[in-house]
file final.pdb (PDB, C-alpha atoms)
ATOM      1  CA  MET A 997    -129.917  -4.252 -56.614
ATOM      2  CA  SER A 998    -127.841  -6.419 -54.327
ATOM      3  CA  VAL A 999    -124.365  -6.052 -52.864
ATOM      4  CA  THR A1000    -122.026  -8.956 -52.052
ATOM      5  CA  VAL A1001    -119.065  -8.629 -49.701
ATOM      6  CA  ARG A1002    -116.349 -11.226 -49.196
ATOM      7  CA  VAL A1003    -114.755 -11.336 -45.738
ATOM      8  CA  PRO A1004    -111.924 -13.531 -44.406
ATOM      9  CA  ALA A1005    -111.351 -15.830 -41.470
ATOM     10  CA  LYS A1006    -108.565 -15.124 -39.006
ATOM     11  CA  VAL A1007    -105.985 -16.994 -37.007
ATOM     12  CA  ASN A1008    -104.459 -15.637 -33.809
ATOM     13  CA  VAL A1009    -100.710 -16.099 -34.086
ATOM     14  CA  GLN A1010    -100.501 -14.733 -30.558
ATOM     15  CA  LEU A1011    -103.321 -14.403 -28.063
ATOM     16  CA  ALA A1012    -102.108 -13.004 -24.744
ATOM     17  CA  VAL A1013    -104.939 -12.698 -22.213
ATOM     18  CA  GLY A1014    -105.021 -10.508 -19.129
ATOM     19  CA  GLY A1015    -107.252 -10.839 -16.104
ATOM     20  CA  ALA A1016    -110.986 -10.213 -16.149
ATOM     21  CA  ARG A1017    -111.998  -6.556 -16.185
ATOM     22  CA  PRO A1018    -114.920  -5.056 -14.238
ATOM     23  CA  ASP A1019    -116.985  -5.119 -17.467
ATOM     24  CA  GLY A1020    -116.427  -8.872 -17.787
ATOM     25  CA  PHE A1021    -114.066  -8.613 -20.760
ATOM     26  CA  HIS A1022    -110.337  -9.374 -20.677
ATOM     27  CA  ASP A1023    -107.545  -7.129 -21.877
ATOM     28  CA  LEU A1024    -105.771  -8.759 -24.813
ATOM     29  CA  ALA A1025    -102.657  -8.539 -26.908
ATOM     30  CA  ASN A1026    -104.119 -10.259 -29.944
ATOM     31  CA  VAL A1027    -101.982 -10.660 -33.066
ATOM     32  CA  PHE A1028    -104.419 -11.305 -35.905
ATOM     33  CA  LEU A1029    -103.613 -12.715 -39.334
ATOM     34  CA  ALA A1030    -106.398 -12.857 -41.918
ATOM     35  CA  VAL A1031    -106.372 -16.077 -43.947
ATOM     36  CA  GLY A1032    -107.958 -17.109 -47.206
ATOM     37  CA  LEU A1033    -111.098 -18.857 -45.997
ATOM     38  CA  TYR A1034    -114.075 -16.631 -46.732
ATOM     39  CA  ASP A1035    -117.732 -16.017 -46.055
ATOM     40  CA  GLU A1036    -119.731 -13.989 -48.550
ATOM     41  CA  VAL A1037    -122.583 -11.792 -47.356
ATOM     42  CA  THR A1038    -125.158 -10.601 -49.910
ATOM     43  CA  VAL A1039    -127.666  -7.903 -48.995
ATOM     44  CA  THR A1040    -130.796  -7.277 -51.063
ATOM     45  CA  PRO A1041    -133.733  -4.926 -50.417
ATOM     46  CA  ALA A1042    -136.697  -6.820 -48.958
ATOM     47  CA  ASP A1043    -140.008  -6.258 -47.211
ATOM     48  CA  ARG A1044    -138.451  -6.989 -43.810
ATOM     49  CA  LEU A1045    -135.137  -7.888 -42.221
ATOM     50  CA  ARG A1046    -134.377 -11.565 -42.629
ATOM     51  CA  VAL A1047    -131.270 -13.751 -42.588
ATOM     52  CA  THR A1048    -130.580 -16.934 -44.545
ATOM     53  CA  CYS A1049    -127.446 -19.058 -44.662
ATOM     54  CA  SER A1050    -125.956 -21.731 -46.899
ATOM     55  CA  GLY A1051    -122.751 -23.742 -46.856
ATOM     56  CA  PRO A1052    -121.031 -26.101 -44.396
ATOM     57  CA  ASP A1053    -122.595 -26.080 -40.915
ATOM     58  CA  ALA A1054    -125.209 -23.547 -42.030
ATOM     59  CA  GLY A1055    -127.710 -25.246 -39.722
ATOM     60  CA  GLN A1056    -125.687 -24.015 -36.715
ATOM     61  CA  VAL A1057    -125.966 -20.343 -37.685
ATOM     62  CA  PRO A1058    -128.683 -18.333 -35.879
ATOM     63  CA  LEU A1059    -131.065 -16.686 -38.324
ATOM     64  CA  ASP A1060    -132.691 -14.253 -35.889
ATOM     65  CA  ARG A1061    -131.592 -10.817 -34.733
ATOM     66  CA  THR A1062    -128.852 -12.270 -32.539
ATOM     67  CA  ASN A1063    -126.858 -12.942 -35.714
ATOM     68  CA  LEU A1064    -124.086 -10.342 -35.987
ATOM     69  CA  ALA A1065    -124.996  -9.682 -39.625
ATOM     70  CA  ALA A1066    -128.530  -8.728 -38.578
ATOM     71  CA  ARG A1067    -127.225  -6.640 -35.689
ATOM     72  CA  ALA A1068    -124.870  -4.796 -38.054
ATOM     73  CA  ALA A1069    -127.750  -3.933 -40.392
ATOM     74  CA  LEU A1070    -129.906  -2.741 -37.489
ATOM     75  CA  ILE A1071    -127.211  -0.518 -35.969
ATOM     76  CA  LEU A1072    -126.270   1.077 -39.288
ATOM     77  CA  ALA A1073    -129.935   1.625 -40.185
ATOM     78  CA  GLU A1074    -130.593   3.318 -36.846
ATOM     79  CA  ARG A1075    -127.537   5.561 -37.181
ATOM     80  CA  TYR A1076    -128.516   6.754 -40.650
ATOM     81  CA  GLY A1077    -132.301   6.719 -40.454
ATOM     82  CA  ARG A1078    -132.741   3.837 -42.856
ATOM     83  CA  ASP A1079    -135.347   1.086 -42.880
ATOM     84  CA  PRO A1080    -133.443  -2.172 -42.137
ATOM     85  CA  ALA A1081    -135.710  -4.094 -44.514
ATOM     86  CA  VAL A1082    -133.091  -6.226 -46.220
ATOM     87  CA  HIS A1083    -132.465  -9.879 -46.929
ATOM     88  CA  LEU A1084    -129.020 -10.879 -45.648
ATOM     89  CA  HIS A1085    -127.753 -14.109 -47.167
ATOM     90  CA  ILE A1086    -124.571 -15.631 -45.740
ATOM     91  CA  ASP A1087    -122.687 -18.083 -47.949
ATOM     92  CA  LYS A1088    -120.590 -19.660 -45.225
ATOM     93  CA  ASP A1089    -117.202 -21.280 -45.645
ATOM     94  CA  ILE A1090    -115.569 -20.175 -42.361
ATOM     95  CA  PRO A1091    -116.043 -22.813 -39.622
ATOM     96  CA  VAL A1092    -118.932 -22.136 -37.257
ATOM     97  CA  ALA A1093    -118.015 -21.754 -33.557
ATOM     98  CA  GLY A1094    -114.457 -22.601 -34.537
ATOM     99  CA  GLY A1095    -112.348 -19.766 -33.139
ATOM    100  CA  MET A1096    -111.774 -18.254 -36.601
ATOM    101  CA  ALA A1097    -114.156 -15.273 -36.226
ATOM    102  CA  GLY A1098    -116.796 -16.520 -38.652
ATOM    103  CA  GLY A1099    -119.623 -14.694 -36.897
ATOM    104  CA  SER A1100    -117.501 -11.560 -36.644
ATOM    105  CA  ALA A1101    -116.710 -11.818 -40.349
ATOM    106  CA  ASP A1102    -120.428 -11.943 -41.135
ATOM    107  CA  GLY A1103    -121.029  -8.844 -39.024
ATOM    108  CA  ALA A1104    -118.288  -6.906 -40.815
ATOM    109  CA  GLY A1105    -119.446  -8.168 -44.198
ATOM    110  CA  ALA A1106    -123.063  -7.186 -43.577
ATOM    111  CA  LEU A1107    -122.017  -3.760 -42.311
ATOM    112  CA  LEU A1108    -119.973  -2.992 -45.433
ATOM    113  CA  ALA A1109    -122.666  -4.450 -47.719
ATOM    114  CA  CYS A1110    -125.459  -2.397 -46.140
ATOM    115  CA  ASP A1111    -123.284   0.719 -46.136
ATOM    116  CA  THR A1112    -122.684   0.230 -49.863
ATOM    117  CA  LEU A1113    -126.324  -0.572 -50.653
ATOM    118  CA  TRP A1114    -127.674   2.425 -48.721
ATOM    119  CA  GLY A1115    -124.902   4.835 -49.707
ATOM    120  CA  THR A1116    -124.618   6.142 -46.161
ATOM    121  CA  GLY A1117    -121.236   7.769 -46.738
ATOM    122  CA  ALA A1118    -120.026   6.517 -43.350
ATOM    123  CA  SER A1119    -116.326   7.057 -42.767
ATOM    124  CA  ARG A1120    -113.957   4.175 -42.137
ATOM    125  CA  GLU A1121    -113.693   5.337 -38.517
ATOM    126  CA  GLU A1122    -117.469   5.223 -38.110
ATOM    127  CA  LEU A1123    -117.649   1.735 -39.563
ATOM    128  CA  LEU A1124    -114.856   0.556 -37.256
ATOM    129  CA  ALA A1125    -116.663   2.056 -34.264
ATOM    130  CA  ILE A1126    -119.805   0.101 -35.163
ATOM    131  CA  CYS A1127    -117.662  -3.008 -35.615
ATOM    132  CA  ALA A1128    -116.260  -2.553 -32.101
ATOM    133  CA  GLU A1129    -119.814  -2.230 -30.777
ATOM    134  CA  LEU A1130    -120.699  -5.523 -32.451
ATOM    135  CA  GLY A1131    -117.784  -7.501 -31.021
ATOM    136  CA  SER A1132    -114.094  -7.636 -30.236
ATOM    137  CA  ASP A1133    -113.024  -9.415 -33.444
ATOM    138  CA  VAL A1134    -115.327  -7.555 -35.853
ATOM    139  CA  PRO A1135    -113.029  -4.566 -36.530
ATOM    140  CA  PHE A1136    -110.242  -6.872 -37.703
ATOM    141  CA  SER A1137    -112.651  -8.726 -39.990
ATOM    142  CA  LEU A1138    -113.286  -5.413 -41.733
ATOM    143  CA  VAL A1139    -109.595  -4.483 -41.977
ATOM    144  CA  GLY A1140    -107.871  -7.833 -42.656
ATOM    145  CA  GLY A1141    -104.154  -8.225 -43.302
ATOM    146  CA  ALA A1142    -102.247  -8.477 -40.033
ATOM    147  CA  ALA A1143    -102.806  -6.379 -36.933
ATOM    148  CA  LEU A1144    -102.257  -6.166 -33.206
ATOM    149  CA  GLY A1145    -105.517  -5.856 -31.312
ATOM    150  CA  THR A1146    -105.406  -4.356 -27.824
ATOM    151  CA  GLY A1147    -108.086  -3.450 -25.294
ATOM    152  CA  ARG A1148    -110.485  -6.347 -25.724
ATOM    153  CA  GLY A1149    -109.017  -6.789 -29.227
ATOM    154  CA  GLU A1150    -110.934  -3.993 -30.936
ATOM    155  CA  ARG A1151    -108.154  -1.356 -31.003
ATOM    156  CA  LEU A1152    -106.045  -2.215 -34.029
ATOM    157  CA  THR A1153    -102.510  -1.400 -35.108
ATOM    158  CA  ALA A1154    -101.571  -2.640 -38.584
ATOM    159  CA  LEU A1155     -98.555  -4.950 -38.751
ATOM    160  CA  GLU A1156     -96.073  -5.639 -41.510
ATOM    161  CA  THR A1157     -95.734  -9.125 -42.968
ATOM    162  CA  GLY A1158     -92.691  -9.961 -45.031
ATOM    163  CA  SER A1159     -94.122 -12.984 -46.804
ATOM    164  CA  VAL A1160     -97.097 -15.281 -47.199
ATOM    165  CA  PHE A1161     -97.570 -17.770 -44.353
ATOM    166  CA  HIS A1162     -99.123 -21.168 -45.034
ATOM    167  CA  TRP A1163    -101.543 -22.839 -42.639
ATOM    168  CA  VAL A1164    -103.660 -25.923 -42.141
ATOM    169  CA  PHE A1165    -106.847 -25.738 -40.081
ATOM    170  CA  ALA A1166    -108.400 -28.846 -38.566
ATOM    171  CA  MET A1167    -112.102 -28.589 -37.751
ATOM    172  CA  ALA A1168    -113.396 -30.454 -34.722
ATOM    173  CA  GLY A1169    -116.536 -32.506 -34.457
ATOM    174  CA  ARG A1170    -118.248 -29.988 -32.185
ATOM    175  CA  GLY A1171    -118.001 -26.331 -31.257
ATOM    176  CA  LEU A1172    -116.787 -24.435 -28.222
ATOM    177  CA  SER A1173    -118.400 -21.386 -26.668
ATOM    178  CA  THR A1174    -116.023 -18.428 -26.493
ATOM    179  CA  PRO A1175    -117.511 -17.167 -23.174
ATOM    180  CA  ALA A1176    -117.163 -20.689 -21.720
ATOM    181  CA  VAL A1177    -113.482 -20.821 -22.713
ATOM    182  CA  PHE A1178    -112.803 -17.458 -21.060
ATOM    183  CA  ARG A1179    -114.631 -18.613 -17.917
ATOM    184  CA  GLU A1180    -112.443 -21.725 -17.868
ATOM    185  CA  PHE A1181    -109.355 -19.539 -18.334
ATOM    186  CA  ASP A1182    -110.369 -17.580 -15.226
ATOM    187  CA  ARG A1183    -111.161 -20.760 -13.288
ATOM    188  CA  LEU A1184    -107.817 -22.370 -14.104
ATOM    189  CA  ALA A1185    -105.928 -19.239 -13.055
ATOM    190  CA  GLU A1186    -107.862 -19.006  -9.792
ATOM    191  CA  SER A1187    -107.441 -22.691  -8.961
ATOM    192  CA  ALA A1188    -103.701 -22.423  -9.586
ATOM    193  CA  GLY A1189    -103.535 -19.363  -7.347
ATOM    194  CA  ARG A1190    -101.592 -17.410  -9.939
ATOM    195  CA  SER A1191    -101.882 -13.767 -10.860
ATOM    196  CA  ILE A1192    -102.406 -12.973 -14.522
ATOM    197  CA  PRO A1193     -99.894 -10.515 -15.973
ATOM    198  CA  ALA A1194    -100.854  -7.697 -18.314
ATOM    199  CA  PRO A1195    -100.879  -8.985 -21.915
ATOM    200  CA  VAL A1196     -97.972  -7.917 -24.111
ATOM    201  CA  ALA A1197     -97.265  -8.709 -27.757
ATOM    202  CA  SER A1198     -94.098 -10.723 -28.331
ATOM    203  CA  ALA A1199     -91.365  -8.612 -29.923
ATOM    204  CA  GLY A1200     -89.867 -11.757 -31.454
ATOM    205  CA  LEU A1201     -93.185 -12.709 -33.012
ATOM    206  CA  LEU A1202     -93.699  -9.254 -34.520
ATOM    207  CA  THR A1203     -90.188  -9.399 -35.969
ATOM    208  CA  ALA A1204     -90.840 -12.861 -37.424
ATOM    209  CA  LEU A1205     -94.019 -11.609 -39.087
ATOM    210  CA  ALA A1206     -92.236  -8.583 -40.529
ATOM    211  CA  LYS A1207     -89.382 -10.730 -41.864
ATOM    212  CA  GLY A1208     -91.726 -13.361 -43.281
ATOM    213  CA  ASP A1209     -89.785 -16.082 -41.444
ATOM    214  CA  PRO A1210     -91.972 -19.154 -40.785
ATOM    215  CA  ASP A1211     -89.405 -20.851 -38.537
ATOM    216  CA  ALA A1212     -89.058 -17.806 -36.299
ATOM    217  CA  LEU A1213     -92.828 -17.386 -36.252
ATOM    218  CA  ALA A1214     -93.268 -21.037 -35.297
ATOM    219  CA  ALA A1215     -90.966 -20.525 -32.327
ATOM    220  CA  THR A1216     -93.024 -17.607 -31.016
ATOM    221  CA  VAL A1217     -96.727 -18.402 -31.668
ATOM    222  CA  SER A1218     -98.785 -18.757 -28.492
ATOM    223  CA  ASN A1219    -102.349 -18.827 -27.223
ATOM    224  CA  ASP A1220    -103.136 -18.227 -23.555
ATOM    225  CA  LEU A1221    -106.610 -19.707 -24.078
ATOM    226  CA  GLU A1222    -105.251 -23.055 -25.271
ATOM    227  CA  PRO A1223    -105.116 -24.698 -21.800
ATOM    228  CA  ALA A1224    -108.730 -23.687 -21.187
ATOM    229  CA  ALA A1225    -109.841 -25.006 -24.581
ATOM    230  CA  LEU A1226    -108.010 -28.286 -23.932
ATOM    231  CA  SER A1227    -109.569 -28.532 -20.471
ATOM    232  CA  LEU A1228    -113.044 -28.316 -22.010
ATOM    233  CA  PHE A1229    -112.196 -30.377 -25.116
ATOM    234  CA  PRO A1230    -109.307 -32.748 -24.239
ATOM    235  CA  GLU A1231    -109.454 -34.561 -27.580
ATOM    236  CA  LEU A1232    -107.930 -31.517 -29.250
ATOM    237  CA  ALA A1233    -104.566 -32.599 -27.844
ATOM    238  CA  ASP A1234    -104.679 -35.610 -30.187
ATOM    239  CA  THR A1235    -105.258 -33.344 -33.180
ATOM    240  CA  LEU A1236    -102.372 -31.083 -32.193
ATOM    241  CA  ALA A1237    -100.091 -34.107 -31.799
ATOM    242  CA  ALA A1238    -101.128 -35.512 -35.188
ATOM    243  CA  GLY A1239    -100.294 -32.235 -36.922
ATOM    244  CA  ARG A1240     -96.902 -32.001 -35.251
ATOM    245  CA  ALA A1241     -96.141 -35.609 -36.169
ATOM    246  CA  ALA A1242     -97.004 -34.816 -39.798
ATOM    247  CA  GLY A1243     -94.355 -32.098 -39.916
ATOM    248  CA  ALA A1244     -96.121 -28.875 -38.935
ATOM    249  CA  LEU A1245     -93.708 -26.197 -37.749
ATOM    250  CA  ALA A1246     -96.137 -25.168 -34.995
ATOM    251  CA  ALA A1247     -99.520 -26.277 -33.708
ATOM    252  CA  LEU A1248    -101.971 -24.342 -31.565
ATOM    253  CA  VAL A1249    -105.643 -23.911 -30.838
ATOM    254  CA  SER A1250    -107.059 -21.096 -32.971
ATOM    255  CA  GLY A1251    -108.494 -18.381 -30.719
ATOM    256  CA  SER A1252    -111.007 -19.906 -28.319
ATOM    257  CA  GLY A1253    -111.120 -23.084 -30.419
ATOM    258  CA  PRO A1254    -111.949 -25.759 -31.149
ATOM    259  CA  THR A1255    -110.342 -25.334 -34.585
ATOM    260  CA  THR A1256    -106.636 -26.168 -34.421
ATOM    261  CA  ALA A1257    -104.106 -24.291 -36.550
ATOM    262  CA  PHE A1258    -100.852 -25.614 -37.984
ATOM    263  CA  LEU A1259     -98.154 -23.386 -39.414
ATOM    264  CA  VAL A1260     -96.274 -25.071 -42.275
ATOM    265  CA  ARG A1261     -93.431 -24.102 -44.561
ATOM    266  CA  ASP A1262     -95.164 -23.989 -47.943
ATOM    267  CA  ALA A1263     -98.228 -25.032 -49.934
ATOM    268  CA  ALA A1264     -96.914 -28.571 -50.548
ATOM    269  CA  SER A1265     -96.345 -29.056 -46.828
ATOM    270  CA  ALA A1266     -99.855 -27.791 -46.152
ATOM    271  CA  THR A1267    -101.355 -30.474 -48.397
ATOM    272  CA  LYS A1268     -99.249 -33.157 -46.721
ATOM    273  CA  VAL A1269    -100.217 -32.105 -43.193
ATOM    274  CA  ALA A1270    -103.908 -31.751 -44.107
ATOM    275  CA  ASP A1271    -103.945 -35.269 -45.582
ATOM    276  CA  ALA A1272    -102.238 -36.675 -42.480
ATOM    277  CA  LEU A1273    -104.696 -34.948 -40.163
ATOM    278  CA  LEU A1274    -107.652 -36.391 -42.067
ATOM    279  CA  ALA A1275    -106.082 -39.847 -42.013
ATOM    280  CA  SER A1276    -105.468 -39.575 -38.263
ATOM    281  CA  GLY A1277    -109.196 -39.548 -37.530
ATOM    282  CA  THR A1278    -108.697 -36.796 -34.934
ATOM    283  CA  CYS A1279    -110.670 -34.115 -36.778
ATOM    284  CA  ARG A1280    -113.785 -33.737 -38.891
ATOM    285  CA  THR A1281    -112.085 -32.049 -41.812
ATOM    286  CA  ALA A1282    -108.897 -30.127 -42.616
ATOM    287  CA  ARG A1283    -108.446 -27.058 -44.790
ATOM    288  CA  THR A1284    -105.411 -25.258 -46.157
ATOM    289  CA  ALA A1285    -105.156 -21.480 -46.404
ATOM    290  CA  SER A1286    -102.553 -18.753 -46.501
ATOM    291  CA  GLY A1287    -102.299 -15.242 -45.138
ATOM    292  CA  PRO A1288    -102.297 -12.340 -44.886
ATOM    293  CA  ALA A1289    -105.581 -11.992 -46.770
ATOM    294  CA  GLU A1290    -107.345  -8.731 -47.482
ATOM    295  CA  GLY A1291    -110.242  -7.642 -45.308
ATOM    296  CA  ALA A1292    -113.895  -7.195 -46.205
ATOM    297  CA  ARG A1293    -114.258  -6.305 -49.880
ATOM    298  CA  VAL A1294    -117.242  -5.541 -52.093
ATOM    299  CA  LEU A1295    -117.434  -8.121 -54.897
ATOM    300  CA  ALA A1296    -120.574  -6.933 -56.644
ATOM    301  CA  GLY A1297    -123.009  -4.091 -56.255
TER     302      GLY A1297
END
call {"tool": "encode", "arguments": {"input": "final.pdb", "output": "structure tokens"}}
result
Amino acid sequence: MSVTVRVPAKVNVQLAVGGARPDGFHDLANVFLAVGLYDEVTVTPADRLRVTCSGPDAGQVPLDRTNLAARAALILAERYGRDPAVHLHIDKDIPVAGGMAGGSADGAGALLACDTLWGTGASREELLAICAELGSDVPFSLVGGAALGTGRGERLTALETGSVFHWVFAMAGRGLSTPAVFREFDRLAESAGRSIPAPVASAGLLTALAKGDPDALAATVSNDLEPAALSLFPELADTLAAGRAAGALAALVSGSGPTTAFLVRDAASATKVADALLASGTCRTARTASGPAEGARVLAG
């Protein structure tokens, strides 16, 4: 028997970042929107725990126990007295190291797949607690839709969305390390001698999401990590400019980058902007997707 779970990518329509905490994390006001780019995680009984991966950029995915999918299987097995002898196969379509929570998605997908395979009977709250242990973005990968993440992003409040929002995502030629981007965020703040305010979700942005108004959303999207990502990867500014020139309503770095996200009015506009981004030569590839998308879901088992 095997179980396959499909799990979505995310875009941060707002990422407000507070100062560094004593534990090294940052308090966030993180408005997540799940979008229709998916990884699929299949778990099958095996003689030992192993991880394989296929799809774009699969060669960049760690296949040892540092992979969040492997960690999810190990934690769940320990909690419920199971032998973590499973083969985890990740069919990857979410960009690797791209600021779209691909690794987090794999962790959430593996957790739900193993839970289903083993029949642990874990509650949703237990699964979310394990997700939070795995990483700040993992709980949202399980839940999907739209949500405000507070704390380090792991405490979720579901948000209303009044319509489907259309996006284009431009993938860069190399990755960015999330810890490195946060370190650069801290360095830039310190060098500027500015204090970092407590992160707060934008009331206007939440209203725009609830109304399904792409123009109002475009006027309120923001990412406090964008200056740090641009400092480490200045070429991203050219990609952002190309998307704006092609008619995107808004352009921003997705999460810690280096994927750039472009909000557009409709599916036809998404195709136009994606084609223009590819023609600009400022990105490796461009993908269209819409959201909100549902969270981790069992496809077969």
call {"tool": "resolve_selection", "arguments": {"input": "final.pdb", "expression": "the PyMOL selection byres ((chain A and resi 1057) around 12)", "output": "ChimeraX atom specification"}}
result
/A:1047-1056,1058-1066,1085-1093,1098-1099,1102,1171
call {"tool": "closest_atom_pairs", "arguments": {"input": "final.pdb", "of": "region 997-1050 of chain A", "to": "region 1220-1237 of chain A", "cutoff": "12 Å", "atoms": "all atoms listed in the file", "output": "JSON lines"}}
result
{"residue": "A:Asn1008", "atom": "CA", "partner": "A:Asp1220", "partner_atom": "CA", "distance": 10.7}
{"residue": "A:Val1009", "atom": "CA", "partner": "A:Asp1220", "partner_atom": "CA", "distance": 11.0}
{"residue": "A:Gln1010", "atom": "CA", "partner": "A:Asp1220", "partner_atom": "CA", "distance": 8.3}
{"residue": "A:Leu1011", "atom": "CA", "partner": "A:Asp1220", "partner_atom": "CA", "distance": 5.9}
{"residue": "A:Ala1012", "atom": "CA", "partner": "A:Asp1220", "partner_atom": "CA", "distance": 5.5}
{"residue": "A:Val1013", "atom": "CA", "partner": "A:Asp1220", "partner_atom": "CA", "distance": 6.0}
{"residue": "A:Gly1014", "atom": "CA", "partner": "A:Asp1220", "partner_atom": "CA", "distance": 9.1}
{"residue": "A:Gly1015", "atom": "CA", "partner": "A:Asp1220", "partner_atom": "CA", "distance": 11.3}
{"residue": "A:His1022", "atom": "CA", "partner": "A:Leu1221", "partner_atom": "CA", "distance": 11.5}
{"residue": "A:Leu1024", "atom": "CA", "partner": "A:Asp1220", "partner_atom": "CA", "distance": 9.9}
{"residue": "A:Ala1025", "atom": "CA", "partner": "A:Asp1220", "partner_atom": "CA", "distance": 10.3}
{"residue": "A:Asn1026", "atom": "CA", "partner": "A:Asp1220", "partner_atom": "CA", "distance": 10.3}
call {"tool": "resolve_selection", "arguments": {"input": "final.pdb", "expression": "the PyMOL selection byres ((chain A and resi 1242-1245) around 8)", "output": "PyMOL selection string"}}
result
chain A and resi 1210-1211+1214+1238-1241+1246-1247+1258-1261+1265+1268-1269+1272-1273
call {"tool": "closest_residue", "arguments": {"input": "final.pdb", "among": "A:Ser1191, A:Phe1161, A:Ser1173, A:Arg1067", "to": "Cys1127 (chain A)", "atoms": "all atoms listed in the file"}}
result
A:Arg1067
call {"tool": "atom_distance", "arguments": {"input": "final.pdb", "atom1": "CA of Gly1291 (chain A)", "atom2": "CA of Ala1199 (chain A)"}}
result
24.4 Å
call {"tool": "residues_near_point", "arguments": {"input": "final.pdb", "point": "(-115.0, -3.8, -37.4)", "cutoff": "12 Å", "atoms": "only C-alpha atoms", "output": "number ranges by chain"}}
result
A: 1003, 1064-1065, 1068, 1097, 1099-1108, 1120-1140, 1145, 1149-1152, 1291-1292
call {"tool": "write_last_selection", "arguments": {"input": "final.pdb", "atoms": "C-alpha atoms", "output": "PDB file, keeping the file's coordinate frame"}}
result
ATOM      1  CA  VAL A1003    -114.755 -11.336 -45.738  1.00  0.00           C
ATOM      2  CA  LEU A1064    -124.086 -10.342 -35.987  1.00  0.00           C
ATOM      3  CA  ALA A1065    -124.996  -9.682 -39.625  1.00  0.00           C
ATOM      4  CA  ALA A1068    -124.870  -4.796 -38.054  1.00  0.00           C
ATOM      5  CA  ALA A1097    -114.156 -15.273 -36.226  1.00  0.00           C
ATOM      6  CA  GLY A1099    -119.623 -14.694 -36.897  1.00  0.00           C
ATOM      7  CA  SER A1100    -117.501 -11.560 -36.644  1.00  0.00           C
ATOM      8  CA  ALA A1101    -116.710 -11.818 -40.349  1.00  0.00           C
ATOM      9  CA  ASP A1102    -120.428 -11.943 -41.135  1.00  0.00           C
ATOM     10  CA  GLY A1103    -121.029  -8.844 -39.024  1.00  0.00           C
ATOM     11  CA  ALA A1104    -118.288  -6.906 -40.815  1.00  0.00           C
ATOM     12  CA  GLY A1105    -119.446  -8.168 -44.198  1.00  0.00           C
ATOM     13  CA  ALA A1106    -123.063  -7.186 -43.577  1.00  0.00           C
ATOM     14  CA  LEU A1107    -122.017  -3.760 -42.311  1.00  0.00           C
ATOM     15  CA  LEU A1108    -119.973  -2.992 -45.433  1.00  0.00           C
ATOM     16  CA  ARG A1120    -113.957   4.175 -42.137  1.00  0.00           C
ATOM     17  CA  GLU A1121    -113.693   5.337 -38.517  1.00  0.00           C
ATOM     18  CA  GLU A1122    -117.469   5.223 -38.110  1.00  0.00           C
ATOM     19  CA  LEU A1123    -117.649   1.735 -39.563  1.00  0.00           C
ATOM     20  CA  LEU A1124    -114.856   0.556 -37.256  1.00  0.00           C
ATOM     21  CA  ALA A1125    -116.663   2.056 -34.264  1.00  0.00           C
ATOM     22  CA  ILE A1126    -119.805   0.101 -35.163  1.00  0.00           C
ATOM     23  CA  CYS A1127    -117.662  -3.008 -35.615  1.00  0.00           C
ATOM     24  CA  ALA A1128    -116.260  -2.553 -32.101  1.00  0.00           C
ATOM     25  CA  GLU A1129    -119.814  -2.230 -30.777  1.00  0.00           C
ATOM     26  CA  LEU A1130    -120.699  -5.523 -32.451  1.00  0.00           C
ATOM     27  CA  GLY A1131    -117.784  -7.501 -31.021  1.00  0.00           C
ATOM     28  CA  SER A1132    -114.094  -7.636 -30.236  1.00  0.00           C
ATOM     29  CA  ASP A1133    -113.024  -9.415 -33.444  1.00  0.00           C
ATOM     30  CA  VAL A1134    -115.327  -7.555 -35.853  1.00  0.00           C
ATOM     31  CA  PRO A1135    -113.029  -4.566 -36.530  1.00  0.00           C
ATOM     32  CA  PHE A1136    -110.242  -6.872 -37.703  1.00  0.00           C
ATOM     33  CA  SER A1137    -112.651  -8.726 -39.990  1.00  0.00           C
ATOM     34  CA  LEU A1138    -113.286  -5.413 -41.733  1.00  0.00           C
ATOM     35  CA  VAL A1139    -109.595  -4.483 -41.977  1.00  0.00           C
ATOM     36  CA  GLY A1140    -107.871  -7.833 -42.656  1.00  0.00           C
ATOM     37  CA  GLY A1145    -105.517  -5.856 -31.312  1.00  0.00           C
ATOM     38  CA  GLY A1149    -109.017  -6.789 -29.227  1.00  0.00           C
ATOM     39  CA  GLU A1150    -110.934  -3.993 -30.936  1.00  0.00           C
ATOM     40  CA  ARG A1151    -108.154  -1.356 -31.003  1.00  0.00           C
ATOM     41  CA  LEU A1152    -106.045  -2.215 -34.029  1.00  0.00           C
ATOM     42  CA  GLY A1291    -110.242  -7.642 -45.308  1.00  0.00           C
ATOM     43  CA  ALA A1292    -113.895  -7.195 -46.205  1.00  0.00           C
TER      44      ALA A1292
END
